[in-house]
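Following: one structure in structure tokens, then a few remarks.
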Amino acid sequence: MNLGLKKNSFRTLVIASTNEGKVQEFKKLLSSFPLLVVGQPDTLEVEETGKRFIDNARLKAIAAARYTGEIALADDSGLCVEALGGAPGVYSSRYANTDRERISRLLNQLKNFSNRSAFFSAALCVASPDGKVLLEVEGRCDGVIANEVRGNDGFGYDPIFEEKDTGLTFSEMGFNQKQKISHRSLAFQALMPGLKKIFNC
Ligand code: ITT
């Protein structure tokens with residue numbers, strides 16, 4: 001794969017996200033890479049106008065790469081609930097103002113449903129400062145929405161997402177266990193070979 005980049009020309013990777021929980025997960029996932037992994041500047045705002053996770057990941061990666069002049073990795077992710085026709089989906093972060101309010105709205109909406117199947121989806125995109133998409137991948141993790149919050153770790157919807165094989169919420173798992181099975185980790189594993197190529201490491 002010729003990506004049209006000079007070998008070793010970039011050593012910094014910008015995580016194109018304003019979500020501290022995501023940025024921390026990526027820093028851990030990338031800890032073995034010889035890269036300076038930084039969050040995006042506070043001054044950058046990107047409107048997420050896409051209908052699909054991958055569309056928004058692309059928008060965010062390209063905007064951050066152009067803005068910083070560095071290679072950028074964006075994640076657009078969310079929780080898709082079967083009984084709600086896939087909602088909140090790409091609107092997961094806009095479902096309410098805070099994590100606590102988002103969780104309580106979702107639990108409330110599902111009060112009268114016995115079908116609590118759901119999945120987390122993550123689309124990752126890596127872009128270069130000239131606005132070119134270098135890599136794109138997606139990952140998914142299936143589970144159900146718990147009846148109440150459980151566990152202390154993680155972020156976002158983690159306390160109510162019960163992973164299907166373990167029966168544990170992401171918040172009950174802690175990072176190391178979540179890392180083996182989460183939507184973001186699965187997408188990241190698919191991204192890794194291409195990322196190594198880009199950074200020649
Ligand atoms: P950026 O767009 O700046 O990255 P964001 O929080 O707005 O930040 P998204 O638009 O991708 O990110 O929205 C994702 C939503 O889904 C957000 O509310 C997250 O907290 C939630 N989410 C994504 N991955 C999650 C995970 O692994 N655990 C819990 N919640 C997650």
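Residues are referred to by chain and number: the chain letter is A, B, ... according to the order shown in the structure tokens, the number counts from 1 in that chain, and ligands are numbered separately from 1 in the order shown.
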* To do: Taking only C-alpha atoms and all ligand atoms into account, report as a PyMOL selection string which residues have an atom no farther than 8 Å from an atom of ligand 1.
  => chain A and resi 16-19+21-22+48+53+56-57+60+74-79+89-95+99+102+120-122+154-159+161+170+182-184
* Pull the helix (DSSP H, G or I) assignments for range 19-190 of chain A out of DSSP run on the backbone, and list those residues as a PyMOL selection string. => chain A and resi 20-29+53-68+82-84+89-94+99-109+158-160+170-173+175-181+183-190
* Any idea what's packed within 9 Å of Thr12 in chain A, counting only C-alpha atoms, ignoring anything in its chain fewer than 2 positions away? Could you give it as a ChimeraX atom specification? -> /A:10,14,35-38,70-72
Those residues with N, CA, C and O atoms, as a tab-separated table (two decimals), in the first residue's frame please?
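What follows is the written file result_15.tsv:
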chain	number	residue	atom	x	y	z
A	10	PHE	N	5.96	11.87	9.85
A	10	PHE	CA	5.05	12.27	10.92
A	10	PHE	C	5.28	11.40	12.14
A	10	PHE	O	5.27	10.20	12.06
A	14	VAL	N	-2.73	13.02	16.24
A	14	VAL	CA	-3.76	13.79	16.95
A	14	VAL	C	-5.02	12.93	17.07
A	14	VAL	O	-5.49	12.37	16.08
A	35	LEU	N	4.91	7.02	19.32
A	35	LEU	CA	4.27	8.23	18.80
A	35	LEU	C	3.92	9.17	19.93
A	35	LEU	O	3.64	8.73	21.05
A	36	LEU	N	3.89	10.45	19.61
A	36	LEU	CA	3.35	11.42	20.54
A	36	LEU	C	1.85	11.50	20.25
A	36	LEU	O	1.45	11.94	19.16
A	37	VAL	N	1.06	11.02	21.20
A	37	VAL	CA	-0.40	10.99	20.99
A	37	VAL	C	-1.01	12.16	21.76
A	37	VAL	O	-0.88	12.24	22.98
A	38	VAL	N	-1.64	13.06	21.03
A	38	VAL	CA	-2.19	14.26	21.67
A	38	VAL	C	-3.67	14.42	21.32
A	38	VAL	O	-4.12	13.96	20.27
A	70	GLU	N	-1.08	17.75	11.31
A	70	GLU	CA	-0.58	16.43	11.71
A	70	GLU	C	-1.57	15.36	11.26
A	70	GLU	O	-2.73	15.67	11.00
A	71	ILE	N	-1.10	14.12	11.25
A	71	ILE	CA	-2.04	13.02	10.97
A	71	ILE	C	-3.03	12.93	12.14
A	71	ILE	O	-2.65	13.10	13.30
A	72	ALA	N	-4.30	12.71	11.82
A	72	ALA	CA	-5.32	12.67	12.87
A	72	ALA	C	-6.16	11.41	12.78
A	72	ALA	O	-6.44	10.90	11.69
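Using only C-alpha atoms, the shortest contact distance between Cys141 in chain A and any of A:Ile181, A:Ile103, A:Arg58, A:Met173 is found at A:Ile181.
For Tyr67 in chain A, the list of residues within 12 Å, based on only C-alpha atoms and with local chain neighbours fewer than 2 positions off taken out, reads Val14, Ala16, Gln40, Pro41, Asp42, Thr43, Leu44, Glu45, Val46, Lys60, Ala61, Ile62, Ala63, Ala64, Ala65, Gly69, Glu70, Ile71, Ala72, Ala127, Ser128, Pro129, Asp130 and Gly131 of chain A.
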* Residues at most 8 Å from Phe188 in chain A, counting only C-alpha atoms, excluding those fewer than 6 positions away in the same chain, as a PyMOL selection string? -> chain A and resi 29+124+137+139
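Take CA of Pro34 in chain A and CA of Leu59 in chain A: the distance between them is 26.1 Å.
Considering only C-alpha atoms, the residue among A:Glu47, A:Glu172, A:Glu25, A:Asp165 positioned nearest to Val149 in chain A is A:Glu172.
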